[in-house]
file my_file-v4.tsv (TSV, C-alpha atoms)
chain	number	residue	atom	x	y	z
A	1	MET	CA	5.63	24.78	0.10
A	2	ILE	CA	3.60	26.67	-2.51
A	3	PRO	CA	3.10	30.05	-0.78
A	4	GLN	CA	-0.10	31.08	-2.58
A	5	LEU	CA	-1.86	27.76	-1.97
A	6	ARG	CA	-0.61	27.60	1.61
A	7	LYS	CA	-1.91	31.10	2.35
A	8	GLN	CA	-5.24	30.30	0.73
A	9	TYR	CA	-5.64	27.07	2.70
A	10	ASN	CA	-4.60	28.53	6.06
A	11	GLU	CA	-7.01	31.45	5.67
A	12	ALA	CA	-9.87	29.12	4.73
A	13	PHE	CA	-9.23	26.74	7.63
A	14	CYS	CA	-11.71	26.58	10.50
A	15	GLU	CA	-12.06	24.07	13.31
A	16	ALA	CA	-15.69	23.33	12.50
A	17	GLN	CA	-14.77	22.24	8.97
A	18	TYR	CA	-11.88	20.16	10.30
A	19	GLU	CA	-14.20	18.38	12.75
A	20	ALA	CA	-16.69	17.84	9.92
A	21	MET	CA	-13.89	16.29	7.87
A	22	LEU	CA	-13.00	13.93	10.73
A	23	ASP	CA	-16.68	12.98	11.05
A	24	PHE	CA	-16.82	12.28	7.32
A	25	ILE	CA	-13.78	9.99	7.59
A	26	GLY	CA	-15.27	8.25	10.62
A	27	HIS	CA	-18.70	7.76	9.08
A	28	THR	CA	-17.43	6.39	5.76
A	29	TRP	CA	-16.39	3.02	7.20
A	30	ASP	CA	-17.99	3.44	10.64
A	31	HIS	CA	-14.67	3.94	12.40
A	32	ARG	CA	-12.76	7.01	13.52
A	33	PRO	CA	-8.99	6.36	13.43
A	34	PRO	CA	-7.20	6.76	16.77
A	35	PHE	CA	-4.16	8.43	15.20
A	36	LYS	CA	-3.95	12.17	14.65
A	37	VAL	CA	-5.22	13.30	11.26
A	38	CYS	CA	-3.40	16.49	10.36
A	39	GLU	CA	-5.29	19.72	9.88
A	40	THR	CA	-3.72	20.20	6.48
A	41	PRO	CA	-2.54	18.35	3.40
A	42	VAL	CA	0.77	19.13	1.70
A	43	PHE	CA	0.92	21.08	-1.55
A	44	ALA	CA	4.12	20.01	-3.30
A	45	PRO	CA	5.71	22.16	-6.03
A	46	VAL	CA	6.68	20.78	-9.43
A	47	SER	CA	10.39	20.88	-8.61
A	48	LEU	CA	9.94	18.64	-5.55
A	49	ARG	CA	7.54	16.35	-7.40
A	50	ASP	CA	10.09	15.75	-10.14
A	51	LYS	CA	12.88	15.09	-7.65
A	52	LEU	CA	10.69	12.56	-5.85
A	53	PHE	CA	9.99	10.85	-9.17
A	54	GLU	CA	13.69	10.83	-9.96
A	55	ALA	CA	14.57	9.42	-6.54
A	56	CYS	CA	12.01	6.62	-6.92
A	57	GLU	CA	13.39	5.70	-10.34
A	58	GLU	CA	16.98	5.52	-9.11
A	59	ILE	CA	16.06	3.33	-6.16
A	60	VAL	CA	13.88	1.06	-8.28
A	61	ASP	CA	16.85	0.60	-10.63
A	62	VAL	CA	18.64	-1.16	-7.76
A	63	LEU	CA	15.63	-3.25	-6.75
A	64	VAL	CA	15.07	-4.63	-10.25
A	65	SER	CA	18.71	-5.67	-10.74
A	66	PRO	CA	19.12	-9.43	-11.39
A	67	ASP	CA	21.33	-9.92	-8.31
A	68	PHE	CA	19.05	-8.15	-5.83
A	69	LYS	CA	17.82	-11.36	-4.19
A	70	GLN	CA	21.37	-12.58	-3.80
A	71	ARG	CA	22.47	-9.28	-2.23
A	72	THR	CA	19.63	-9.36	0.30
A	73	GLN	CA	19.84	-13.01	1.29
A	74	GLY	CA	21.38	-11.97	4.61
A	75	ALA	CA	18.15	-10.19	5.51
A	76	LEU	CA	16.32	-13.50	5.86
A	77	LYS	CA	16.80	-15.04	9.28
A	78	PRO	CA	16.42	-18.84	8.96
A	79	GLU	CA	13.75	-18.92	11.65
A	80	TYR	CA	11.62	-16.41	9.72
A	81	VAL	CA	11.87	-17.71	6.13
A	82	VAL	CA	8.43	-18.26	4.58
A	83	PRO	CA	8.04	-20.85	1.78
A	84	GLY	CA	6.76	-19.88	-1.65
A	85	GLU	CA	8.57	-16.59	-2.16
A	86	ASP	CA	7.73	-14.93	-5.48
A	87	ALA	CA	10.04	-13.27	-7.99
A	88	HIS	CA	9.67	-9.73	-6.63
A	89	THR	CA	7.81	-7.72	-4.05
A	90	LEU	CA	4.22	-6.75	-4.76
A	91	PHE	CA	4.20	-3.68	-2.51
A	92	LEU	CA	6.86	-0.99	-2.18
A	93	GLN	CA	6.98	2.10	0.01
A	94	LEU	CA	9.68	4.79	-0.05
A	95	ASP	CA	9.77	7.31	2.83
A	96	PHE	CA	11.46	10.65	2.12
A	97	GLY	CA	12.23	13.44	4.56
A	98	ILE	CA	12.00	16.86	2.91
A	99	THR	CA	15.24	18.80	3.32
A	100	ARG	CA	16.85	21.99	2.05
A	101	ALA	CA	19.61	21.55	-0.55
A	102	SER	CA	22.74	23.71	-0.62
A	103	ASP	CA	21.23	25.81	-3.43
A	104	GLY	CA	18.15	26.52	-1.29
A	105	SER	CA	15.78	24.23	-3.17
A	106	LEU	CA	13.72	21.52	-1.51
A	107	GLU	CA	15.07	18.01	-1.82
A	108	PRO	CA	13.86	14.55	-0.74
A	109	ARG	CA	16.16	12.26	1.26
A	110	LEU	CA	15.31	8.61	1.75
A	111	ILE	CA	14.53	7.66	5.35
A	112	GLU	CA	13.08	4.16	5.09
A	113	ILE	CA	12.18	1.62	2.42
A	114	GLN	CA	9.56	-1.09	2.87
A	115	GLY	CA	8.47	-4.12	0.85
A	116	PHE	CA	5.17	-4.28	2.70
A	117	PRO	CA	1.67	-2.80	2.23
A	118	SER	CA	0.80	0.65	3.50
A	119	LEU	CA	-2.55	2.41	3.94
A	120	TYR	CA	-3.56	2.08	0.30
A	121	CYS	CA	-7.32	2.42	0.81
A	122	TYR	CA	-7.29	4.94	3.64
A	123	GLN	CA	-4.98	7.35	1.82
A	124	ASP	CA	-7.47	7.72	-1.00
A	125	LEU	CA	-10.23	8.42	1.53
A	126	VAL	CA	-8.30	11.07	3.44
A	127	ALA	CA	-7.34	12.80	0.18
A	128	ARG	CA	-10.99	12.92	-0.87
A	129	ALA	CA	-11.88	14.25	2.59
A	130	TYR	CA	-9.46	17.20	2.35
A	131	ARG	CA	-10.78	18.00	-1.11
A	132	LYS	CA	-14.39	17.85	0.09
A	133	PHE	CA	-13.96	20.24	3.02
A	134	PHE	CA	-11.08	22.53	2.06
A	135	PRO	CA	-9.74	24.29	-1.04
A	136	VAL	CA	-7.67	21.89	-3.15
A	137	PRO	CA	-7.04	22.94	-6.78
A	138	ASP	CA	-8.52	20.72	-9.50
A	139	ASP	CA	-5.15	20.46	-11.25
A	140	PHE	CA	-3.53	18.84	-8.21
A	141	SER	CA	-3.83	15.14	-7.35
A	142	HIS	CA	-2.66	12.69	-4.70
A	143	LEU	CA	-2.54	9.92	-7.32
A	144	PHE	CA	-0.02	9.29	-10.09
A	145	ASN	CA	0.14	7.80	-13.58
A	146	GLY	CA	-3.17	9.32	-14.62
A	147	LEU	CA	-5.18	7.41	-12.01
A	148	ASP	CA	-8.37	8.71	-10.44
A	149	SER	CA	-10.00	7.19	-7.36
A	150	ASP	CA	-12.10	4.73	-9.37
A	151	SER	CA	-9.26	3.41	-11.53
A	152	TYR	CA	-6.98	3.34	-8.49
A	153	ILE	CA	-9.35	1.11	-6.50
A	154	GLU	CA	-9.92	-1.03	-9.56
A	155	LEU	CA	-6.14	-1.58	-9.84
A	156	LEU	CA	-5.98	-2.59	-6.17
A	157	GLN	CA	-8.88	-4.98	-6.76
A	158	GLN	CA	-7.14	-6.58	-9.74
A	159	THR	CA	-3.85	-6.91	-7.89
A	160	ILE	CA	-5.04	-8.11	-4.48
A	161	VAL	CA	-8.17	-10.09	-5.34
A	162	GLY	CA	-7.83	-10.73	-9.09
A	163	ASP	CA	-10.20	-13.41	-10.40
A	164	GLU	CA	-10.68	-14.99	-6.98
A	165	ASP	CA	-13.91	-14.73	-4.99
A	166	PRO	CA	-13.13	-12.02	-2.37
A	167	LYS	CA	-14.40	-14.23	0.47
A	168	HIS	CA	-11.37	-16.47	-0.14
A	169	VAL	CA	-8.93	-13.52	0.09
A	170	VAL	CA	-8.33	-12.47	3.69
A	171	ILE	CA	-6.66	-9.48	5.30
A	172	LEU	CA	-4.43	-11.15	7.89
A	173	GLU	CA	-3.24	-9.27	10.97
A	174	VAL	CA	-2.50	-9.73	14.66
A	175	ARG	CA	-5.56	-8.58	16.64
A	176	PRO	CA	-6.74	-6.43	13.69
A	177	TYR	CA	-9.53	-4.71	15.59
A	178	ASP	CA	-7.00	-3.41	18.12
A	179	GLN	CA	-4.64	-1.98	15.50
A	180	PRO	CA	-4.29	1.80	14.90
A	181	THR	CA	-4.51	1.03	11.17
A	182	LEU	CA	-7.90	-0.68	11.48
A	183	ILE	CA	-9.52	1.99	9.30
A	184	ASP	CA	-7.48	0.79	6.33
A	185	PHE	CA	-8.55	-2.82	6.93
A	186	LEU	CA	-12.17	-1.72	7.10
A	187	GLY	CA	-11.77	0.30	3.91
A	188	THR	CA	-10.15	-2.62	2.12
A	189	ARG	CA	-13.02	-4.87	3.18
A	190	ALA	CA	-15.60	-2.31	2.08
A	191	LEU	CA	-13.98	-1.63	-1.30
A	192	LEU	CA	-12.54	-5.03	-2.22
A	193	GLY	CA	-14.81	-7.39	-0.28
A	194	THR	CA	-11.94	-9.06	1.57
A	195	PRO	CA	-12.72	-10.30	5.13
A	196	ILE	CA	-10.55	-9.29	8.09
A	197	VAL	CA	-9.07	-12.27	9.93
A	198	CYS	CA	-6.92	-12.43	13.05
A	199	ILE	CA	-3.96	-14.78	12.78
A	200	SER	CA	-5.25	-16.63	15.86
A	201	ASP	CA	-8.50	-17.46	14.00
A	202	VAL	CA	-6.85	-19.21	11.06
A	203	ILE	CA	-7.75	-22.92	11.03
A	204	VAL	CA	-5.14	-25.35	9.70
A	205	SER	CA	-6.25	-28.63	8.13
A	206	GLY	CA	-3.36	-30.39	6.43
A	207	ASP	CA	-1.93	-27.85	4.01
A	208	LYS	CA	-5.25	-25.99	3.69
A	209	LEU	CA	-6.22	-22.87	5.63
A	210	TYR	CA	-9.70	-21.77	6.73
A	211	TYR	CA	-11.54	-19.14	8.75
A	212	ARG	CA	-15.11	-18.95	10.03
A	213	ASP	CA	-17.40	-16.32	8.56
A	214	GLU	CA	-20.03	-14.37	10.49
A	215	SER	CA	-22.46	-17.28	10.31
A	216	GLY	CA	-19.86	-19.70	11.66
A	217	ARG	CA	-19.27	-21.51	8.37
A	218	LYS	CA	-15.73	-22.66	7.61
A	219	VAL	CA	-14.39	-20.85	4.53
A	220	ARG	CA	-11.23	-21.74	2.60
A	221	ILE	CA	-8.41	-19.17	2.52
A	222	LYS	CA	-6.83	-19.12	-0.94
A	223	LYS	CA	-5.02	-15.79	-0.75
A	224	ILE	CA	-3.52	-13.92	2.21
A	225	TYR	CA	-3.22	-10.14	1.98
A	226	ASN	CA	-0.55	-10.10	4.64
A	227	ARG	CA	-0.49	-7.20	7.12
A	228	VAL	CA	1.28	-9.08	9.93
A	229	ILE	CA	4.51	-7.45	11.13
A	230	PHE	CA	6.86	-10.20	12.30
A	231	ASP	CA	8.40	-7.96	14.95
A	232	GLU	CA	5.00	-7.45	16.56
A	233	LEU	CA	4.02	-11.10	16.20
A	234	MET	CA	7.17	-12.26	18.00
A	235	HIS	CA	6.50	-9.91	20.93
A	236	ARG	CA	2.84	-10.78	21.45
A	237	ASP	CA	1.45	-13.90	23.06
A	238	VAL	CA	-0.98	-14.97	20.34
A	239	PRO	CA	-2.22	-18.59	20.46
A	240	ARG	CA	-2.44	-19.88	16.91
A	241	GLN	CA	-2.34	-22.91	14.64
A	242	PHE	CA	-0.98	-21.02	11.65
A	243	ARG	CA	2.81	-20.66	11.29
A	244	PHE	CA	4.35	-18.61	8.50
A	245	THR	CA	7.31	-20.94	8.24
A	246	GLU	CA	5.12	-23.94	7.31
A	247	ALA	CA	4.19	-24.71	3.69
A	248	TYR	CA	0.48	-24.28	2.90
A	249	ASP	CA	-1.66	-24.34	-0.23
A	250	VAL	CA	-2.13	-20.57	-0.19
A	251	GLU	CA	-0.94	-17.56	-2.18
A	252	TYR	CA	0.52	-14.57	-0.37
A	253	VAL	CA	-0.52	-11.18	-1.70
A	254	GLY	CA	2.62	-9.50	-0.51
A	255	HIS	CA	4.97	-12.33	0.40
A	256	PRO	CA	6.33	-11.93	3.98
A	257	ASN	CA	9.98	-12.46	2.96
A	258	TRP	CA	9.95	-9.09	1.20
A	259	PHE	CA	9.33	-7.38	4.54
A	260	PHE	CA	12.92	-8.31	5.40
A	261	ARG	CA	14.55	-8.07	1.98
A	262	ILE	CA	13.27	-4.54	1.34
A	263	SER	CA	13.80	-2.81	4.65
A	264	LYS	CA	16.53	-0.98	6.54
A	265	TYR	CA	18.73	-3.87	5.41
A	266	THR	CA	18.48	-2.51	1.86
A	267	LEU	CA	19.70	1.02	2.62
A	268	PRO	CA	23.47	0.36	2.33
A	269	LEU	CA	22.83	-1.10	-1.12
A	270	LEU	CA	21.41	2.24	-2.27
A	271	ARG	CA	24.32	4.52	-1.39
A	272	GLN	CA	25.01	5.35	-5.03
A	273	CYS	CA	21.55	6.91	-5.37
A	274	ARG	CA	21.62	10.71	-5.14
A	275	TYR	CA	18.76	11.04	-2.70
A	276	VAL	CA	19.87	8.35	-0.25
A	277	PRO	CA	21.98	9.25	2.83
A	278	ASP	CA	25.13	7.24	3.53
A	279	SER	CA	24.33	4.02	5.38
A	280	TRP	CA	26.46	1.09	6.55
A	281	TYR	CA	25.92	-2.18	8.36
A	282	LEU	CA	27.39	-1.43	11.77
A	283	ASP	CA	29.51	-4.59	11.88
A	284	GLN	CA	31.19	-3.51	8.63
A	285	VAL	CA	32.23	-0.07	9.87
A	286	GLU	CA	36.01	-0.17	10.34
A	287	ALA	CA	36.28	3.22	12.06
A	288	LEU	CA	33.42	5.24	13.49
A	289	PRO	CA	32.96	8.74	12.03
A	290	GLU	CA	34.34	11.57	14.17
A	291	ASP	CA	31.05	13.47	13.90
A	292	LEU	CA	28.77	10.83	15.43
A	293	HIS	CA	26.27	13.57	16.26
A	294	ASN	CA	25.46	13.61	12.53
A	295	TYR	CA	24.48	9.93	12.53
A	296	VAL	CA	21.67	7.72	13.78
A	297	LEU	CA	21.72	4.06	14.82
A	298	LYS	CA	18.79	1.90	13.72
A	299	PRO	CA	18.03	-1.74	14.52
A	300	LEU	CA	17.77	-3.57	11.21
A	301	PHE	CA	14.76	-5.63	12.24
A	302	SER	CA	12.41	-3.33	14.12
A	303	PHE	CA	9.34	-1.33	13.17
A	304	SER	CA	7.87	2.15	13.80
A	305	GLY	CA	11.11	3.63	15.13
A	306	THR	CA	11.57	1.11	17.96
A	307	GLY	CA	15.14	1.07	19.27
A	308	VAL	CA	16.41	3.98	17.15
A	309	MET	CA	19.30	5.87	18.82
A	310	ILE	CA	19.51	9.54	17.83
A	311	ASN	CA	22.13	10.85	20.26
A	312	PHE	CA	24.85	8.33	21.07
A	313	ASN	CA	28.62	8.00	21.46
A	314	LYS	CA	31.24	5.36	20.74
A	315	TYR	CA	30.67	3.79	24.16
A	316	ASP	CA	27.03	3.19	23.25
A	317	VAL	CA	28.24	1.52	20.06
A	318	ASP	CA	30.76	-0.60	21.96
A	319	ALA	CA	27.95	-1.78	24.27
A	320	ILE	CA	25.97	-3.26	21.36
A	321	GLU	CA	26.62	-7.00	21.45
A	322	ASP	CA	25.27	-7.90	18.01
A	323	LYS	CA	26.49	-5.17	15.72
A	324	SER	CA	25.28	-7.09	12.66
A	325	ALA	CA	21.73	-6.22	13.74
A	326	TYR	CA	22.27	-2.44	13.44
A	327	LEU	CA	22.56	0.17	10.74
A	328	LEU	CA	24.63	3.36	10.95
A	329	GLN	CA	23.01	6.08	8.86
A	330	ARG	CA	23.79	9.76	8.33
A	331	LYS	CA	21.05	11.90	9.82
A	332	VAL	CA	18.59	13.63	7.57
A	333	HIS	CA	17.83	17.19	8.70
A	334	TYR	CA	14.19	17.88	7.91
A	335	GLU	CA	13.41	21.43	6.89
A	336	PRO	CA	10.33	23.03	8.50
A	337	VAL	CA	8.64	23.99	5.23
A	338	ILE	CA	4.91	23.91	6.02
A	339	ASP	CA	3.64	27.22	7.42
A	340	THR	CA	1.05	26.69	10.14
A	341	PRO	CA	-0.71	29.11	12.53
A	342	ASP	CA	1.96	28.71	15.25
A	343	GLU	CA	5.25	27.27	13.96
A	344	PRO	CA	6.35	25.64	10.69
A	345	ALA	CA	6.09	21.86	10.40
A	346	LYS	CA	8.50	19.34	8.95
A	347	VAL	CA	7.18	16.73	6.56
A	348	GLU	CA	7.92	13.18	5.47
A	349	ILE	CA	6.38	11.87	2.24
A	350	ARG	CA	5.85	8.18	1.60
A	351	MET	CA	5.53	7.18	-2.05
A	352	LEU	CA	3.17	4.20	-2.37
A	353	MET	CA	4.06	1.82	-5.18
A	354	LEU	CA	2.73	-1.44	-6.59
A	355	TRP	CA	4.49	-4.10	-8.66
A	356	PRO	CA	1.82	-6.28	-10.28
A	357	ARG	CA	2.90	-9.54	-11.87
A	358	GLY	CA	3.90	-9.14	-15.49
A	359	ARG	CA	5.24	-5.60	-15.07
A	360	ARG	CA	8.94	-4.96	-15.57
A	361	ARG	CA	9.06	-2.37	-12.76
A	362	PRO	CA	6.94	-1.11	-9.88
A	363	MET	CA	4.56	1.78	-10.57
A	364	LEU	CA	3.77	4.85	-8.49
A	365	LEU	CA	0.18	5.00	-7.26
A	366	ASN	CA	-0.41	7.20	-4.24
A	367	ASN	CA	1.32	8.87	-1.31
A	368	LEU	CA	1.18	9.41	2.42
A	369	ALA	CA	2.48	12.43	4.32
A	370	ARG	CA	3.32	12.90	7.98
A	371	LEU	CA	3.81	16.33	9.51
A	372	SER	CA	5.87	16.85	12.64
A	373	LYS	CA	7.09	19.62	14.93
A	374	GLY	CA	9.01	17.31	17.26
A	375	LEU	CA	12.47	15.77	17.26
A	376	MET	CA	11.21	12.85	15.17
A	377	VAL	CA	8.15	12.00	13.12
A	378	GLY	CA	5.92	10.05	15.49
A	379	VAL	CA	3.09	10.42	17.97
A	380	ARG	CA	5.23	10.52	21.10
A	381	TYR	CA	7.27	13.43	19.70
A	382	ASN	CA	4.21	15.49	18.76
A	383	LYS	CA	1.91	15.22	21.74
A	384	ASP	CA	-0.32	18.25	22.31
A	385	LYS	CA	0.84	19.84	19.05
A	386	ARG	CA	-1.46	21.15	16.32
A	387	TRP	CA	-1.13	20.85	12.54
A	388	VAL	CA	0.83	17.61	12.83
A	389	GLY	CA	0.01	13.97	12.10
A	390	GLY	CA	-1.05	11.81	9.17
A	391	SER	CA	-1.87	13.55	5.92
A	392	VAL	CA	-1.46	13.33	2.14
A	393	SER	CA	0.36	15.36	-0.51
A	394	PHE	CA	-1.25	16.92	-3.56
A	395	PHE	CA	1.02	17.25	-6.60
A	396	PRO	CA	0.53	19.36	-9.74
A	397	THR	CA	-0.75	17.19	-12.57
A	398	GLN	CA	0.35	19.58	-15.30
A	399	GLY	CA	3.57	18.45	-16.95
A	400	ALA	CA	3.65	15.20	-14.96
A	401	HIS	CA	5.19	12.36	-16.92
A	402	THR	CA	4.20	8.74	-16.50
A	403	TYR	CA	6.71	7.13	-14.18
A	404	SER	CA	7.02	3.43	-13.43

call {"tool": "encode", "arguments": {"input": "my_file-v4.tsv", "output": "C-alpha cells"}}
result
Amino acid sequence: MIPQLRKQYNEAFCEAQYEAMLDFIGHTWDHRPPFKVCETPVFAPVSLRDKLFEACEEIVDVLVSPDFKQRTQGALKPEYVVPGEDAHTLFLQLDFGITRASDGSLEPRLIEIQGFPSLYCYQDLVARAYRKFFPVPDDFSHLFNGLDSDSYIELLQQTIVGDEDPKHVVILEVRPYDQPTLIDFLGTRALLGTPIVCISDVIVSGDKLYYRDESGRKVRIKKIYNRVIFDELMHRDVPRQFRFTEAYDVEYVGHPNWFFRISKYTLPLLRQCRYVPDSWYLDQVEALPEDLHNYVLKPLFSFSGTGVMINFNKYDVDAIEDKSAYLLQRKVHYEPVIDTPDEPAKVEIRMLMLWPRGRRRPMLLNNLARLSKGLMVGVRYNKDKRWVGGSVSFFPTQGAHTYS
C-alpha cells in the first residue's frame, strides 16, 4: 500500500530468511503455529491509518452509550447467561476489510466486531519477528498510543493479572493444547506467568474453583482469562464439573457475556457509522433487497465464518426456520492492494483494543492482519497460495495522535 516500502520489502525477501523467521517464532515459546504465517507484513499509509482510527472512535461511541446493555440484551440466550457480568467489556476487536472508495482512496469497512480476547501476545512476537528478519522502517510501529513492546506487555500484565499471584490466574480453554491458537496461550504463560488450564480440568468445590499444577497440588483459581468459545464448547463432548452458568467465587478477565453482546448481533446498531456496511436482523427485514448478490447472510451466533452464506437467493432465505438467528449484511468488496510476486492480495486488519477498569473508553493497543487471495479470508479459501495468511500491519508513527 506504500509503493516504495512494498518494492523494498519484496526485493529483499528470500525464502531462507522467511524460514529463519518461522524458526525464530517457533523457538521463542517452543511451538511452531499450525496456521500459515504470511510472508509479508502490511505497510499502511497515513491516510488509511487515520481512517481506521476514525472508524474505531465512531464505533466506540456507540459501545460506550448508557443504553448499550439494554440494546444488546437480546444477544444473551437464557441458557448461556453467566453470572457476575461487569460494567463493560475488557477486550474489544474490530475487523476491517480494506476497500477502494469512490475517490480511489483506501477505506476500511467493518466486517466483524468481537468483545473477546484476540492474539495479544502472539501479535507482538510476530511483529518483532518481521522486524528482525526483514526491512521495517524505524518510524513505523504495530503498536499504538506510544507503546513499545515492554510497556505493551506491562499493560497486559496489569490488566489480566493485576495484583494477583499469576498462579491463581488461569488461561481457560477447551483442549488448549489442540487449539490452532496455542502459541498465544504459551506466550501469555511465558510473559504473564498464567497457567494454561483445560475446562475439563477445573475442579469445583462449593463455589470455589481449583486446578492441579505440574506437581499435582490443588491450586485455587481466583481469575479466569477466558478463551472458551461457547459455540465450540457446545459442539464438543467435554466432560467437566465447571459450568459457566453457575455462580462461583471467581473473577472473569473478559466476562463471557460480552462475547454475545459485542458480536455480529451488534452490527445493526452501528449502521450510522460511516465505515460500517448496512446490516439488519433477518427477521426484521420487511422486503428482501432486489440485489441479493450484493449481500451476505451470517449466523448471529457462530464463529470463524461457520454457516456464512455468500451466494444465496430468496428461496434460501425462505428455507431458514429461525430468521432471528441470522444477519443480512451488505457485502464488503476487498481491494487487492498488496503487491506480491504472483498476484495482489486482499487484506483484513483487526484493531486490538483494551478497556481497563477505570477508563472512560477502550484504548487501541495492537493489530492483526490477514492476507487472502481467495473468495474469503480463511485457510480453506487460500490453500496452496503464497503470500497469504496471518500477519501484522505497521503504521507510520509520525503525526499519530493518541486515540482512545

call {"tool": "residues_around", "arguments": {"input": "my_file-v4.tsv", "residues": "A:Asp184", "least_positions_apart": "5", "cutoff": "9 Å", "atoms": "all atoms listed in the file", "output": "JSON, numbers by chain"}}
result
{"A": [118, 119, 120, 121, 122, 123, 189]}

call {"tool": "atom_distance", "arguments": {"input": "my_file-v4.tsv", "atom1": "atom CA of A:Glu85", "atom2": "atom CA of A:Leu63"}}
result
15.8 Å

call {"tool": "atom_distance", "arguments": {"input": "my_file-v4.tsv", "atom1": "atom CA of A:Gln114", "atom2": "atom CA of A:Phe259"}}
result
6.5 Å

call {"tool": "closest_atom_pairs", "arguments": {"input": "my_file-v4.tsv", "of": "stretch 98-128 of chain A", "to": "stretch 262-282 of chain A", "cutoff": "6 Å", "atoms": "all atoms listed in the file", "output": "JSON lines"}}
result
{"residue": "A:Arg109", "atom": "CA", "partner": "A:Tyr275", "partner_atom": "CA", "distance": 4.9}
{"residue": "A:Leu110", "atom": "CA", "partner": "A:Val276", "partner_atom": "CA", "distance": 5.0}
{"residue": "A:Ile113", "atom": "CA", "partner": "A:Ser263", "partner_atom": "CA", "distance": 5.2}
{"residue": "A:Gln114", "atom": "CA", "partner": "A:Ser263", "partner_atom": "CA", "distance": 4.9}
{"residue": "A:Gly115", "atom": "CA", "partner": "A:Ile262", "partner_atom": "CA", "distance": 4.8}

call {"tool": "atom_distance", "arguments": {"input": "my_file-v4.tsv", "atom1": "atom CA of A:Asp138", "atom2": "atom CA of A:Cys38"}}
result
20.9 Å

call {"tool": "residues_near_point", "arguments": {"input": "my_file-v4.tsv", "point": "(2.0, -2.9, -7.9)", "cutoff": "6 Å", "atoms": "only C-alpha atoms", "output": "MDAnalysis selection string"}}
result
chainID A and resid 90:91 353:356 362:363

call {"tool": "residues_near_point", "arguments": {"input": "my_file-v4.tsv", "point": "(27.1, 2.8, 10.7)", "cutoff": "8 Å", "atoms": "all atoms listed in the file", "output": "VMD selection string"}}
result
chain A and resid 279 to 285 288 295 to 297 326 to 329

call {"tool": "axis_aligned_box", "arguments": {"input": "my_file-v4.tsv", "around": "stretch 352-363 of chain A", "padding_each_side": "5 Å", "output": "JSON"}}
result
{"center_x": 5.4, "center_y": -2.7, "center_z": -9.0, "size_x": 17.2, "size_y": 23.7, "size_z": 23.2}

call {"tool": "closest_residue", "arguments": {"input": "my_file-v4.tsv", "among": "A:Ser393, A:Asn366, A:Thr40, A:Ser102", "to": "A:Pro135", "atoms": "only C-alpha atoms"}}
result
A:Thr40

call {"tool": "closest_atom_pairs", "arguments": {"input": "my_file-v4.tsv", "of": "stretch 190-225 of chain A", "to": "stretch 145-158 of chain A", "cutoff": "10 Å", "atoms": "all atoms listed in the file", "output": "Markdown table"}}
result
| residue | atom | partner | partner_atom | distance |
| --- | --- | --- | --- | --- |
| A:Leu191 | CA | A:Ile153 | CA | 7.5 |
| A:Leu192 | CA | A:Gln157 | CA | 5.8 |
| A:Gly193 | CA | A:Gln157 | CA | 9.1 |
| A:Thr194 | CA | A:Gln157 | CA | 9.8 |

call {"tool": "closest_residue", "arguments": {"input": "my_file-v4.tsv", "among": "A:Glu246, A:Glu112, A:Glu348, A:Glu321", "to": "A:Leu371", "atoms": "only C-alpha atoms"}}
result
A:Glu348

call {"tool": "closest_residue", "arguments": {"input": "my_file-v4.tsv", "among": "A:His88, A:Lys222, A:Arg217, A:Arg100", "to": "A:Val60", "atoms": "only C-alpha atoms"}}
result
A:His88

call {"tool": "closest_residue", "arguments": {"input": "my_file-v4.tsv", "among": "A:Val204, A:Phe24, A:Pro108, A:Ile338", "to": "A:Ala127", "atoms": "only C-alpha atoms"}}
result
A:Phe24

call {"tool": "closest_residue", "arguments": {"input": "my_file-v4.tsv", "among": "A:Ile171, A:Ala87, A:Val332, A:Val37", "to": "A:Gly389", "atoms": "only C-alpha atoms"}}
result
A:Val37

call {"tool": "build_atoms", "arguments": {"input": "my_file-v4.tsv", "residues": "stretch 322-332 of chain A", "atoms": "N, CA and C atoms", "output": "PDB file, in the frame of the given file"}}
result
ATOM      1  N   ASP A 322      25.417  -7.396  19.373  1.00  0.00           N
ATOM      2  CA  ASP A 322      25.270  -7.900  18.010  1.00  0.00           C
ATOM      3  C   ASP A 322      25.242  -6.732  17.038  1.00  0.00           C
ATOM      4  N   LYS A 323      26.406  -6.328  16.603  1.00  0.00           N
ATOM      5  CA  LYS A 323      26.490  -5.170  15.720  1.00  0.00           C
ATOM      6  C   LYS A 323      25.943  -5.471  14.328  1.00  0.00           C
ATOM      7  N   SER A 324      25.829  -6.739  13.968  1.00  0.00           N
ATOM      8  CA  SER A 324      25.280  -7.090  12.660  1.00  0.00           C
ATOM      9  C   SER A 324      23.779  -6.791  12.581  1.00  0.00           C
ATOM     10  N   ALA A 325      23.170  -6.497  13.714  1.00  0.00           N
ATOM     11  CA  ALA A 325      21.730  -6.220  13.740  1.00  0.00           C
ATOM     12  C   ALA A 325      21.426  -4.727  13.697  1.00  0.00           C
ATOM     13  N   TYR A 326      22.464  -3.894  13.436  1.00  0.00           N
ATOM     14  CA  TYR A 326      22.270  -2.440  13.440  1.00  0.00           C
ATOM     15  C   TYR A 326      22.776  -1.802  12.165  1.00  0.00           C
ATOM     16  N   LEU A 327      22.203  -0.640  11.892  1.00  0.00           N
ATOM     17  CA  LEU A 327      22.560   0.170  10.740  1.00  0.00           C
ATOM     18  C   LEU A 327      23.050   1.529  11.243  1.00  0.00           C
ATOM     19  N   LEU A 328      24.147   2.009  10.681  1.00  0.00           N
ATOM     20  CA  LEU A 328      24.630   3.360  10.950  1.00  0.00           C
ATOM     21  C   LEU A 328      24.287   4.220   9.745  1.00  0.00           C
ATOM     22  N   GLN A 329      23.501   5.267   9.968  1.00  0.00           N
ATOM     23  CA  GLN A 329      23.010   6.080   8.860  1.00  0.00           C
ATOM     24  C   GLN A 329      23.201   7.564   9.173  1.00  0.00           C
ATOM     25  N   ARG A 330      23.650   8.304   8.160  1.00  0.00           N
ATOM     26  CA  ARG A 330      23.790   9.760   8.330  1.00  0.00           C
ATOM     27  C   ARG A 330      22.413  10.366   8.547  1.00  0.00           C
ATOM     28  N   LYS A 331      22.328  11.272   9.508  1.00  0.00           N
ATOM     29  CA  LYS A 331      21.050  11.900   9.820  1.00  0.00           C
ATOM     30  C   LYS A 331      20.541  12.727   8.636  1.00  0.00           C
ATOM     31  N   VAL A 332      19.250  12.776   8.543  1.00  0.00           N
ATOM     32  CA  VAL A 332      18.590  13.630   7.570  1.00  0.00           C
ATOM     33  C   VAL A 332      17.961  14.798   8.350  1.00  0.00           C
TER      34      VAL A 332
END
